[in-house]
>>> print(open('input_11.txt').read())   # compact mmCIF, C-alpha atoms
# COMPACT_ATOMS: atom_id res chain seq x y z
CA MET T 1 -31.66 18.86 -37.06
CA GLY T 2 -32.03 22.59 -36.61
CA LEU T 3 -31.39 23.16 -40.30
CA ILE T 4 -34.17 20.73 -41.13
CA ALA T 5 -36.57 22.38 -38.68
CA ARG T 6 -35.90 25.75 -40.30
CA CYS T 7 -36.41 24.32 -43.77
CA ILE T 8 -39.75 22.67 -42.93
CA GLU T 9 -40.97 25.73 -41.06
CA ALA T 10 -40.08 27.97 -44.01
CA ALA T 11 -42.30 25.77 -46.20
CA GLY T 12 -45.33 26.59 -44.05
CA ILE T 13 -45.49 23.67 -41.63
CA PRO T 14 -44.92 24.55 -37.97
CA THR T 15 -42.19 22.54 -36.27
CA VAL T 16 -41.29 21.77 -32.69
CA SER T 17 -37.88 20.30 -31.88
CA MET T 18 -36.56 18.44 -28.87
CA THR T 19 -33.06 19.16 -27.62
CA SER T 20 -30.69 18.09 -24.87
CA ALA T 21 -27.79 20.18 -26.19
CA TRP T 22 -28.71 23.74 -25.33
CA ASP T 23 -25.58 25.35 -26.76
CA VAL T 24 -25.84 23.60 -30.12
CA THR T 25 -29.52 24.48 -30.41
CA ALA T 26 -28.91 28.09 -29.40
CA ALA T 27 -26.39 28.36 -32.23
CA VAL T 28 -28.62 26.87 -34.92
CA ARG T 29 -31.85 28.49 -33.69
CA PRO T 30 -34.71 26.24 -34.73
CA PRO T 31 -38.13 27.94 -34.65
CA ARG T 32 -39.32 26.22 -31.43
CA SER T 33 -37.22 24.08 -29.10
CA LEU T 34 -37.94 22.20 -25.91
CA TYR T 35 -35.00 21.24 -23.73
CA VAL T 36 -34.86 18.21 -21.48
CA HIS T 37 -31.93 17.79 -19.11
CA HIS T 38 -31.07 14.28 -20.28
CA PRO T 39 -27.89 12.74 -21.70
CA LEU T 40 -27.80 12.66 -25.51
CA GLY T 41 -29.66 9.64 -26.82
CA HIS T 42 -32.61 10.14 -24.46
CA GLN T 43 -34.33 13.20 -25.89
CA THR T 44 -37.74 11.54 -25.53
CA GLY T 45 -37.16 9.57 -22.36
CA ARG T 46 -35.83 6.49 -20.62
CA PRO T 47 -35.65 2.97 -22.04
CA GLY T 48 -38.58 0.78 -21.11
CA ASP T 49 -40.59 3.70 -19.77
CA LEU T 50 -43.38 4.23 -22.28
CA PRO T 51 -45.58 6.15 -19.79
CA GLY T 52 -42.69 8.55 -19.17
CA GLN T 53 -42.06 8.90 -22.91
CA ILE T 54 -45.74 9.66 -23.49
CA ALA T 55 -45.69 12.28 -20.72
CA LEU T 56 -42.61 13.93 -22.20
CA VAL T 57 -43.91 14.00 -25.78
CA ARG T 58 -47.29 15.24 -24.57
CA ALA T 59 -45.64 18.06 -22.60
CA ALA T 60 -43.60 19.06 -25.64
CA LEU T 61 -46.53 19.12 -28.05
CA GLU T 62 -48.74 20.98 -25.58
CA ALA T 63 -46.04 23.60 -24.98
CA ALA T 64 -45.41 24.17 -28.68
CA PRO T 65 -48.15 26.77 -29.38
CA SER T 66 -46.96 29.02 -26.55
CA LEU T 67 -43.34 29.20 -27.70
CA ALA T 68 -42.10 32.47 -29.14
CA ARG T 69 -40.10 32.58 -32.32
CA GLY T 70 -36.67 31.05 -31.76
CA GLU T 71 -37.37 30.26 -28.12
CA ILE T 72 -35.70 27.36 -26.32
CA ARG T 73 -37.69 26.42 -23.22
CA ALA T 74 -36.72 23.89 -20.57
CA LEU T 75 -39.32 21.26 -19.79
CA PRO T 76 -39.37 19.92 -16.22
CA PHE T 77 -37.74 16.59 -17.05
CA ARG T 78 -34.49 15.67 -15.27
CA TRP T 79 -32.26 12.65 -15.65
CA ASP T 80 -32.34 10.67 -12.43
CA ALA T 81 -31.50 7.14 -13.56
CA PRO T 82 -29.81 5.02 -10.86
CA GLY T 83 -26.07 5.69 -10.70
CA ALA T 84 -26.31 8.63 -13.06
CA GLU T 85 -25.39 11.34 -10.57
CA GLY T 86 -22.90 13.75 -12.09
CA TRP T 87 -23.48 12.52 -15.63
CA GLU T 88 -23.07 16.08 -16.88
CA ALA T 89 -19.38 16.08 -15.94
CA ARG T 90 -18.71 12.88 -17.89
CA ALA T 91 -20.75 13.56 -21.01
CA TYR T 92 -18.65 13.97 -24.13
CA THR T 93 -15.35 13.62 -22.35
CA ALA T 94 -12.56 11.19 -23.22
CA ALA T 95 -14.04 8.70 -20.74
CA GLU T 96 -17.31 8.43 -22.58
CA ALA T 97 -16.61 9.49 -26.13
CA PRO T 98 -18.62 7.57 -28.69
CA THR T 99 -16.41 5.54 -31.00
CA GLY T 100 -16.78 4.56 -34.60
CA PRO T 101 -16.46 1.09 -36.10
CA ASP T 102 -12.67 1.49 -36.20
CA GLY T 103 -12.57 2.20 -32.47
CA LYS T 104 -11.55 5.80 -33.02
CA PRO T 105 -13.65 8.60 -31.62
CA VAL T 106 -16.16 10.27 -33.88
CA ARG T 107 -17.96 13.53 -33.60
CA GLY T 108 -21.67 13.83 -33.12
CA MET F 1 -46.42 21.80 -56.51
CA GLY F 2 -45.62 25.13 -58.10
CA VAL F 3 -43.10 27.46 -56.55
CA ARG F 4 -41.82 26.18 -53.26
CA PRO F 5 -40.58 28.49 -50.55
CA ARG F 6 -36.82 28.45 -50.29
CA CYS F 7 -35.14 27.28 -47.16
CA TYR F 8 -33.92 29.99 -44.85
CA THR F 9 -36.46 32.57 -45.83
CA VAL F 10 -35.76 35.55 -43.63
CA ARG F 11 -38.85 37.30 -42.39
CA MET F 12 -39.51 39.60 -39.48
CA THR F 13 -37.29 39.54 -36.41
CA GLY F 14 -38.49 39.21 -32.84
CA GLN F 15 -36.36 36.40 -31.47
CA GLU F 16 -36.94 35.34 -27.93
CA PRO F 17 -33.74 35.46 -25.86
CA SER F 18 -33.25 32.44 -23.64
CA ALA F 19 -30.77 31.69 -20.88
CA ALA F 20 -29.13 28.28 -20.76
CA PRO F 21 -29.74 26.24 -17.60
CA HIS F 22 -26.69 26.45 -15.33
CA ASP F 23 -25.99 22.73 -15.61
CA ALA F 24 -26.46 22.32 -19.37
CA VAL F 25 -23.54 20.33 -20.81
CA PRO F 26 -21.22 22.52 -22.96
CA TYR F 27 -21.21 20.19 -25.95
CA ILE F 28 -19.56 22.55 -28.42
CA GLU F 29 -16.61 23.18 -26.11
CA ARG F 30 -16.26 19.52 -25.18
CA THR F 31 -16.42 18.41 -28.78
CA ARG F 32 -13.63 20.81 -29.67
CA ARG F 33 -11.51 19.57 -26.79
CA LEU F 34 -12.22 15.88 -27.39
CA TYR F 35 -11.40 16.00 -31.07
CA SER F 36 -8.75 18.68 -31.01
CA THR F 37 -6.49 16.64 -33.28
CA GLN F 38 -9.06 16.62 -36.08
CA ALA F 39 -10.33 19.39 -38.27
CA PRO F 40 -12.84 21.32 -36.18
CA TYR F 41 -16.47 20.36 -36.48
CA ARG F 42 -18.18 23.50 -37.68
CA TRP F 43 -21.45 23.97 -35.90
CA VAL F 44 -24.04 25.85 -37.83
CA HIS F 45 -24.67 29.25 -36.36
CA HIS F 46 -27.46 31.63 -37.29
CA ASP F 47 -27.30 35.17 -36.05
CA PRO F 48 -30.74 35.87 -34.52
CA GLU F 49 -30.79 39.35 -36.04
CA ALA F 50 -29.48 38.60 -39.52
CA GLU F 51 -31.00 35.13 -39.92
CA PRO F 52 -33.99 34.78 -37.59
CA SER F 53 -35.79 31.48 -37.37
CA PRO F 54 -38.42 30.96 -40.06
CA TRP F 55 -41.86 31.12 -38.51
CA THR F 56 -45.23 29.55 -39.27
CA PRO F 57 -47.79 30.14 -36.50
CA ILE F 58 -49.51 27.11 -35.00
CA ARG F 59 -53.18 27.75 -35.70
CA ARG F 60 -54.76 24.32 -35.45
CA PRO F 61 -55.55 22.85 -32.02
CA LEU F 62 -53.35 19.91 -31.12
CA ALA F 63 -56.33 17.55 -30.97
CA ASP F 64 -57.09 18.38 -34.63
CA SER F 65 -53.47 18.15 -35.79
CA ARG F 66 -51.76 15.36 -37.68
CA VAL F 67 -48.19 15.15 -36.47
CA ALA F 68 -45.18 14.08 -38.56
CA LEU F 69 -42.23 12.49 -36.77
CA VAL F 70 -38.74 13.32 -38.05
CA ALA F 71 -35.86 11.88 -36.03
CA SER F 72 -32.07 11.81 -36.40
CA GLY F 73 -31.19 9.00 -33.99
CA GLY F 74 -30.22 6.54 -36.74
CA VAL F 75 -33.30 4.33 -36.31
CA HIS F 76 -34.20 1.99 -39.16
CA LEU F 77 -36.14 -1.19 -39.78
CA ALA F 78 -34.25 -4.44 -39.32
CA SER F 79 -35.04 -5.11 -42.97
CA GLN F 80 -33.56 -1.79 -44.16
CA GLU F 81 -29.95 -0.99 -44.92
CA PRO F 82 -28.18 0.47 -41.86
CA PHE F 83 -26.78 3.98 -42.03
CA HIS F 84 -23.15 4.52 -42.97
CA PHE F 85 -20.35 6.08 -41.05
CA ARG F 86 -20.04 9.62 -42.23
CA ASN F 87 -21.99 12.16 -44.24
CA ASP F 88 -24.81 9.71 -44.87
CA VAL F 89 -27.72 11.93 -45.86
CA SER F 90 -30.06 9.11 -46.79
CA HIS F 91 -33.27 8.63 -44.85
CA ARG F 92 -35.48 5.69 -43.99
CA GLU F 93 -39.27 5.65 -44.03
CA ILE F 94 -40.74 3.84 -41.04
CA PRO F 95 -44.37 2.66 -41.31
CA LEU F 96 -46.52 4.09 -38.53
CA GLU F 97 -47.58 0.70 -37.21
CA THR F 98 -43.98 -0.49 -36.71
CA GLU F 99 -43.30 -2.08 -33.34
CA ASN F 100 -40.09 -1.31 -31.47
CA ALA F 101 -38.91 -4.90 -31.86
CA GLU F 102 -38.68 -4.34 -35.62
CA LEU F 103 -36.36 -1.33 -35.22
CA ARG F 104 -32.57 -1.14 -35.16
CA VAL F 105 -30.24 1.76 -34.34
CA THR F 106 -27.05 2.72 -36.16
CA HIS F 107 -25.34 5.92 -35.09
CA PHE F 108 -21.75 6.84 -34.23
CA GLY F 109 -22.29 10.15 -32.50
CA TYR F 110 -24.00 9.14 -29.27
CA ASP F 111 -24.18 6.20 -26.91
CA VAL F 112 -26.80 4.01 -28.54
CA ARG F 113 -27.08 1.35 -25.84
CA ASP F 114 -30.34 2.62 -24.36
CA ALA F 115 -31.82 3.40 -27.78
CA ARG F 116 -31.10 -0.19 -28.81
CA LEU F 117 -32.93 -1.42 -25.71
CA ASP F 118 -35.85 0.89 -26.49
CA PRO F 119 -35.89 3.04 -29.64
CA GLY F 120 -38.55 5.16 -27.92
CA CYS F 121 -35.69 7.02 -26.20
CA VAL F 122 -35.04 8.85 -29.49
CA PHE F 123 -37.84 7.69 -31.79
CA PRO F 124 -41.16 8.15 -29.97
CA LEU F 125 -43.42 6.43 -32.46
CA ALA F 126 -45.15 4.33 -29.78
CA ALA F 127 -45.70 7.40 -27.58
CA LEU F 128 -47.21 9.35 -30.49
CA ARG F 129 -49.49 6.42 -31.34
CA ALA F 130 -50.68 6.39 -27.73
CA LEU F 131 -51.39 10.14 -27.88
CA ALA F 132 -53.35 9.63 -31.10
CA ALA F 133 -55.31 6.74 -29.58
CA GLU F 134 -56.44 8.90 -26.67
CA GLY F 135 -57.27 11.84 -28.93
CA ALA F 136 -54.57 14.23 -27.72
CA ILE F 137 -53.51 14.53 -31.38
CA ALA F 138 -55.65 13.79 -34.45
CA GLY F 139 -53.17 11.22 -35.71
CA LEU F 140 -49.76 10.68 -37.19
CA ALA F 141 -48.71 11.72 -40.67
CA GLY F 142 -46.66 8.96 -42.13
CA PRO F 143 -44.47 7.25 -42.71
CA ALA F 144 -42.17 8.47 -39.94
CA LEU F 145 -38.87 9.82 -41.28
CA SER F 146 -35.53 8.77 -39.86
CA PHE F 147 -31.90 9.56 -40.61
CA MET F 148 -28.52 9.53 -38.90
CA GLY F 149 -27.35 12.86 -37.53
CA GLY F 150 -23.74 13.81 -36.96
CA ILE F 151 -23.40 14.82 -40.60
CA TYR F 152 -20.22 16.78 -41.15
CA SER F 153 -21.35 18.66 -44.20
CA ALA F 154 -23.86 21.40 -43.50
CA ARG F 155 -24.00 21.87 -47.27
CA LEU F 156 -25.25 18.31 -47.78
CA VAL F 157 -27.92 18.83 -45.12
CA ARG F 158 -28.97 22.17 -46.58
CA ASP F 159 -28.94 21.15 -50.24
CA GLU F 160 -30.04 17.52 -50.10
CA LEU F 161 -31.43 16.17 -46.85
CA ALA F 162 -33.47 19.14 -45.58
CA PRO F 163 -35.33 19.83 -48.85
CA ARG F 164 -36.04 16.11 -49.31
CA LEU F 165 -37.50 15.75 -45.80
CA ARG F 166 -39.40 19.02 -46.25
CA ASP F 167 -41.01 17.74 -49.44
CA LEU F 168 -41.98 14.46 -47.78
CA VAL F 169 -43.58 16.25 -44.82
CA LEU F 170 -45.44 18.55 -47.23
CA ARG F 171 -46.70 15.55 -49.16
CA GLN F 172 -47.90 13.95 -45.92
CA ARG F 173 -50.05 17.03 -45.31
CA ALA F 174 -48.88 17.17 -41.72
CA ASP F 175 -50.15 20.01 -39.52
CA LEU F 176 -47.14 19.92 -37.22
CA ALA F 177 -43.69 18.35 -37.49
CA TYR F 178 -42.13 16.90 -34.33
CA LEU F 179 -38.36 16.77 -34.65
CA VAL F 180 -36.24 14.60 -32.38
CA PRO F 181 -32.43 14.72 -32.57
CA ALA F 182 -30.24 12.32 -30.67
>>> encode(input="input_11.txt", output="structure tokens")
Amino acid sequence: MGLIARCIEAAGIPTVSMTSAWDVTAAVRPPRSLYVHHPLGHQTGRPGDLPGQIALVRAALEAAPSLARGEIRALPFRWDAPGAEGWEARAYTAAEAPTGPDGKPVRG
Amino acid sequence: MGVRPRCYTVRMTGQEPSAAPHDAVPYIERTRRLYSTQAPYRWVHHDPEAEPSPWTPIRRPLADSRVALVASGGVHLASQEPFHFRNDVSHREIPLETENAELRVTHFGYDVRDARLDPGCVFPLAALRALAAEGAIAGLAGPALSFMGGIYSARLVRDELAPRLRDLVLRQRADLAYLVPA
């Protein structure tokens, strides 16, 4: 997505990108990035929580004008779903690798 | 449209250094370890000095801005063809009034269970509509644009997908593009 952000920005339209993968985003360097400490697949919030999604999107859009070029800034959103403690240790490990239609792991 | 700016225009430098949060998941390292038997996934890397981020200042107040949604979570209409397994650089156009119940999710690079329960986890169309209704943004530029990330070929993204999405966002006359990966 970072490549697409850079392409749109270069055409004269400002962009703001969400991310939950700091290292990937730091490598690609989109113009403006807002990090939420959520598992992948939840960059704009929790399922069934529209008020929380609105709050997150609002915070991101409101922060956008104050971001410096290439900055990645953490927004104060943390993943605290029930039973999710320690999710960081399990993310993208063999235990939780996403699998393709053939049952073999694929890369995101 | 005359001469379009090329992607990856390099202008002035002035990149903001940022420190990763201590508990950020090391996805690049874990991906390498998890799929060590396959050819390595090559993450795109831009040197901040040699290839700084393109930059267009945000001049218009948010309340006067039409926002375009571009998302890579593999969301599509139930009536549209699902995305394919690998290197699918097609996109789907999602009408702005679409309800979540009409959306489906096809993606092989992340756990889609929650996104299938509620596409708003990765495709915040309903949230953006709510912000437009209350006047926080002027409105949405549409249709919303959706594709499936996890594309192996950076060349295909650079040469096909990115310019196509750029042209669509330009045509929508959006003031700001909101990009959501998954």
>>> residues_around(input="input_11.txt", residues="range 11-15 of chain T", least_positions_apart="3", cutoff="8 Å", atoms="only C-alpha atoms", output="PyMOL selection string")
(chain T and resi 5+7-8+31-32) or (chain F and resi 4-7+55-58+166+170+174-179)
>>> closest_residue(input="input_11.txt", among="F:Gly73, F:Gly142, F:Gly109, F:Gly120", to="chain T", atoms="all atoms listed in the file")
F:Gly109
>>> closest_residue(input="input_11.txt", among="T:Gly52, T:Pro47, T:Gly2, T:Gly86", to="chain F", atoms="all atoms listed in the file")
T:Pro47
>>> closest_atom_pairs(input="input_11.txt", of="chain F", to="chain T", cutoff="7 Å", atoms="only C-alpha atoms", output="tab-separated table")
residue	atom	partner	partner_atom	distance
F:Pro5	CA	T:Ala11	CA	5.4
F:Cys7	CA	T:Cys7	CA	4.7
F:Tyr8	CA	T:Cys7	CA	6.3
F:Thr9	CA	T:Ala10	CA	6.1
F:Gly14	CA	T:Arg69	CA	6.8
F:Gln15	CA	T:Gly70	CA	5.4
F:Glu16	CA	T:Glu71	CA	5.1
F:Pro17	CA	T:Glu71	CA	6.7
F:Ser18	CA	T:Ile72	CA	6.2
F:Ala20	CA	T:Trp22	CA	6.5
F:Ala24	CA	T:Trp22	CA	6.5
F:Val25	CA	T:Glu88	CA	5.8
F:Pro26	CA	T:Asp23	CA	6.4
F:Tyr27	CA	T:Ala21	CA	6.6
F:Ile28	CA	T:Val24	CA	6.6
F:Arg30	CA	T:Tyr92	CA	6.1
F:Thr31	CA	T:Tyr92	CA	6.8
F:Leu34	CA	T:Ala94	CA	6.3
F:Val44	CA	T:Val28	CA	5.5
F:His45	CA	T:Ala27	CA	4.6
F:His46	CA	T:Val28	CA	5.4
F:Ser53	CA	T:Pro31	CA	5.0
F:Pro54	CA	T:Ala10	CA	5.2
F:Trp55	CA	T:Glu9	CA	6.0
F:Thr56	CA	T:Pro14	CA	5.2
F:Pro57	CA	T:Pro14	CA	6.5
F:Ile58	CA	T:Pro65	CA	5.8
F:Phe108	CA	T:Gly100	CA	5.5
F:Gly109	CA	T:Gly108	CA	3.8
F:Tyr110	CA	T:Pro98	CA	5.6
F:Asp111	CA	T:Pro98	CA	6.0
F:Val112	CA	T:Gly41	CA	6.5
F:Asp114	CA	T:Pro47	CA	5.8
F:Ala115	CA	T:Gly41	CA	6.7
F:Leu117	CA	T:Pro47	CA	6.3
F:Asp118	CA	T:Pro47	CA	4.9
F:Gly120	CA	T:Thr44	CA	6.9
F:Cys121	CA	T:His42	CA	4.7
F:Val122	CA	T:Thr44	CA	5.5
F:Pro124	CA	T:Thr44	CA	6.5
F:Ala127	CA	T:Ile54	CA	4.7
F:Gly150	CA	T:Gly108	CA	4.4
F:Arg158	CA	T:Leu3	CA	6.8
F:Ala162	CA	T:Ile4	CA	4.8
F:Pro163	CA	T:Cys7	CA	6.9
F:Arg166	CA	T:Ile8	CA	4.9
F:Asp175	CA	T:Ile13	CA	6.3
F:Leu176	CA	T:Pro14	CA	5.2
F:Ala177	CA	T:Thr15	CA	4.6
F:Tyr178	CA	T:Val16	CA	5.2
F:Leu179	CA	T:Ser17	CA	4.5
F:Val180	CA	T:Met18	CA	5.2
F:Pro181	CA	T:Met1	CA	6.2
F:Ala182	CA	T:Gly41	CA	4.7
>>> write_last_selection(input="input_11.txt", atoms="C-alpha atoms", output="PDB file, in the frame of the given file")
ATOM      1  CA  PRO F   5     -40.580  28.490 -50.550  1.00  0.00           C
ATOM      2  CA  CYS F   7     -35.140  27.280 -47.160  1.00  0.00           C
ATOM      3  CA  TYR F   8     -33.920  29.990 -44.850  1.00  0.00           C
ATOM      4  CA  THR F   9     -36.460  32.570 -45.830  1.00  0.00           C
ATOM      5  CA  GLY F  14     -38.490  39.210 -32.840  1.00  0.00           C
ATOM      6  CA  GLN F  15     -36.360  36.400 -31.470  1.00  0.00           C
ATOM      7  CA  GLU F  16     -36.940  35.340 -27.930  1.00  0.00           C
ATOM      8  CA  PRO F  17     -33.740  35.460 -25.860  1.00  0.00           C
ATOM      9  CA  SER F  18     -33.250  32.440 -23.640  1.00  0.00           C
ATOM     10  CA  ALA F  20     -29.130  28.280 -20.760  1.00  0.00           C
ATOM     11  CA  ALA F  24     -26.460  22.320 -19.370  1.00  0.00           C
ATOM     12  CA  VAL F  25     -23.540  20.330 -20.810  1.00  0.00           C
ATOM     13  CA  PRO F  26     -21.220  22.520 -22.960  1.00  0.00           C
ATOM     14  CA  TYR F  27     -21.210  20.190 -25.950  1.00  0.00           C
ATOM     15  CA  ILE F  28     -19.560  22.550 -28.420  1.00  0.00           C
ATOM     16  CA  ARG F  30     -16.260  19.520 -25.180  1.00  0.00           C
ATOM     17  CA  THR F  31     -16.420  18.410 -28.780  1.00  0.00           C
ATOM     18  CA  LEU F  34     -12.220  15.880 -27.390  1.00  0.00           C
ATOM     19  CA  VAL F  44     -24.040  25.850 -37.830  1.00  0.00           C
ATOM     20  CA  HIS F  45     -24.670  29.250 -36.360  1.00  0.00           C
ATOM     21  CA  HIS F  46     -27.460  31.630 -37.290  1.00  0.00           C
ATOM     22  CA  SER F  53     -35.790  31.480 -37.370  1.00  0.00           C
ATOM     23  CA  PRO F  54     -38.420  30.960 -40.060  1.00  0.00           C
ATOM     24  CA  TRP F  55     -41.860  31.120 -38.510  1.00  0.00           C
ATOM     25  CA  THR F  56     -45.230  29.550 -39.270  1.00  0.00           C
ATOM     26  CA  PRO F  57     -47.790  30.140 -36.500  1.00  0.00           C
ATOM     27  CA  ILE F  58     -49.510  27.110 -35.000  1.00  0.00           C
ATOM     28  CA  PHE F 108     -21.750   6.840 -34.230  1.00  0.00           C
ATOM     29  CA  GLY F 109     -22.290  10.150 -32.500  1.00  0.00           C
ATOM     30  CA  TYR F 110     -24.000   9.140 -29.270  1.00  0.00           C
ATOM     31  CA  ASP F 111     -24.180   6.200 -26.910  1.00  0.00           C
ATOM     32  CA  VAL F 112     -26.800   4.010 -28.540  1.00  0.00           C
ATOM     33  CA  ASP F 114     -30.340   2.620 -24.360  1.00  0.00           C
ATOM     34  CA  ALA F 115     -31.820   3.400 -27.780  1.00  0.00           C
ATOM     35  CA  LEU F 117     -32.930  -1.420 -25.710  1.00  0.00           C
ATOM     36  CA  ASP F 118     -35.850   0.890 -26.490  1.00  0.00           C
ATOM     37  CA  GLY F 120     -38.550   5.160 -27.920  1.00  0.00           C
ATOM     38  CA  CYS F 121     -35.690   7.020 -26.200  1.00  0.00           C
ATOM     39  CA  VAL F 122     -35.040   8.850 -29.490  1.00  0.00           C
ATOM     40  CA  PRO F 124     -41.160   8.150 -29.970  1.00  0.00           C
ATOM     41  CA  ALA F 127     -45.700   7.400 -27.580  1.00  0.00           C
ATOM     42  CA  GLY F 150     -23.740  13.810 -36.960  1.00  0.00           C
ATOM     43  CA  ARG F 158     -28.970  22.170 -46.580  1.00  0.00           C
ATOM     44  CA  ALA F 162     -33.470  19.140 -45.580  1.00  0.00           C
ATOM     45  CA  PRO F 163     -35.330  19.830 -48.850  1.00  0.00           C
ATOM     46  CA  ARG F 166     -39.400  19.020 -46.250  1.00  0.00           C
ATOM     47  CA  ASP F 175     -50.150  20.010 -39.520  1.00  0.00           C
ATOM     48  CA  LEU F 176     -47.140  19.920 -37.220  1.00  0.00           C
ATOM     49  CA  ALA F 177     -43.690  18.350 -37.490  1.00  0.00           C
ATOM     50  CA  TYR F 178     -42.130  16.900 -34.330  1.00  0.00           C
ATOM     51  CA  LEU F 179     -38.360  16.770 -34.650  1.00  0.00           C
ATOM     52  CA  VAL F 180     -36.240  14.600 -32.380  1.00  0.00           C
ATOM     53  CA  PRO F 181     -32.430  14.720 -32.570  1.00  0.00           C
ATOM     54  CA  ALA F 182     -30.240  12.320 -30.670  1.00  0.00           C
TER      55      ALA F 182
END
>>> atom_distance(input="input_11.txt", atom1="CA of Arg33 in chain F", atom2="CA of Val89 in chain F")
26.2 Å
>>> atom_distance(input="input_11.txt", atom1="CA of Arg155 in chain F", atom2="CA of Asp88 in chain F")
12.4 Å
>>> atom_distance(input="input_11.txt", atom1="CA of Glu99 in chain F", atom2="CA of Pro119 in chain F")
9.7 Å
>>> build_atoms(input="input_11.txt", residues="range 86-103 of chain F", atoms="N, CA and C atoms", output="mmCIF file, keeping the file's coordinate frame")
data_model
loop_
_atom_site.group_PDB
_atom_site.id
_atom_site.type_symbol
_atom_site.label_atom_id
_atom_site.label_comp_id
_atom_site.auth_asym_id
_atom_site.auth_seq_id
_atom_site.Cartn_x
_atom_site.Cartn_y
_atom_site.Cartn_z
ATOM 1 N N ARG F 86 -20.243 8.176 -42.222
ATOM 2 C CA ARG F 86 -20.040 9.620 -42.230
ATOM 3 C C ARG F 86 -20.743 10.259 -43.427
ATOM 4 N N ASN F 87 -21.346 11.406 -43.165
ATOM 5 C CA ASN F 87 -21.990 12.160 -44.240
ATOM 6 C C ASN F 87 -23.037 11.342 -45.001
ATOM 7 N N ASP F 88 -23.724 10.482 -44.275
ATOM 8 C CA ASP F 88 -24.810 9.710 -44.870
ATOM 9 C C ASP F 88 -26.080 10.552 -44.773
ATOM 10 N N VAL F 89 -26.524 11.078 -45.890
ATOM 11 C CA VAL F 89 -27.720 11.930 -45.860
ATOM 12 C C VAL F 89 -28.942 11.192 -46.404
ATOM 13 N N SER F 90 -28.868 9.867 -46.406
ATOM 14 C CA SER F 90 -30.060 9.110 -46.790
ATOM 15 C C SER F 90 -31.045 9.104 -45.623
ATOM 16 N N HIS F 91 -32.274 8.744 -45.919
ATOM 17 C CA HIS F 91 -33.270 8.630 -44.850
ATOM 18 C C HIS F 91 -33.995 7.296 -45.007
ATOM 19 N N ARG F 92 -34.664 6.901 -43.954
ATOM 20 C CA ARG F 92 -35.480 5.690 -43.990
ATOM 21 C C ARG F 92 -36.916 6.076 -43.651
ATOM 22 N N GLU F 93 -37.859 5.414 -44.316
ATOM 23 C CA GLU F 93 -39.270 5.650 -44.030
ATOM 24 C C GLU F 93 -39.771 4.501 -43.165
ATOM 25 N N ILE F 94 -40.326 4.839 -42.023
ATOM 26 C CA ILE F 94 -40.740 3.840 -41.040
ATOM 27 C C ILE F 94 -42.273 3.835 -40.981
ATOM 28 N N PRO F 95 -42.901 2.720 -41.367
ATOM 29 C CA PRO F 95 -44.370 2.660 -41.310
ATOM 30 C C PRO F 95 -44.879 2.951 -39.896
ATOM 31 N N LEU F 96 -46.032 3.615 -39.822
ATOM 32 C CA LEU F 96 -46.520 4.090 -38.530
ATOM 33 C C LEU F 96 -46.863 2.971 -37.565
ATOM 34 N N GLU F 97 -47.171 1.791 -38.090
ATOM 35 C CA GLU F 97 -47.580 0.700 -37.210
ATOM 36 C C GLU F 97 -46.398 -0.132 -36.716
ATOM 37 N N THR F 98 -45.178 0.292 -37.070
ATOM 38 C CA THR F 98 -43.980 -0.490 -36.710
ATOM 39 C C THR F 98 -43.831 -0.627 -35.195
ATOM 40 N N GLU F 99 -43.568 -1.843 -34.757
ATOM 41 C CA GLU F 99 -43.300 -2.080 -33.340
ATOM 42 C C GLU F 99 -41.804 -1.896 -33.067
ATOM 43 N N ASN F 100 -41.481 -1.556 -31.823
ATOM 44 C CA ASN F 100 -40.090 -1.310 -31.470
ATOM 45 C C ASN F 100 -39.186 -2.505 -31.767
ATOM 46 N N ALA F 101 -39.732 -3.704 -31.637
ATOM 47 C CA ALA F 101 -38.910 -4.900 -31.860
ATOM 48 C C ALA F 101 -38.415 -5.002 -33.300
ATOM 49 N N GLU F 102 -39.082 -4.298 -34.207
ATOM 50 C CA GLU F 102 -38.680 -4.340 -35.620
ATOM 51 C C GLU F 102 -37.613 -3.291 -35.951
ATOM 52 N N LEU F 103 -37.259 -2.459 -34.962
ATOM 53 C CA LEU F 103 -36.360 -1.330 -35.220
ATOM 54 C C LEU F 103 -34.933 -1.639 -34.790
#
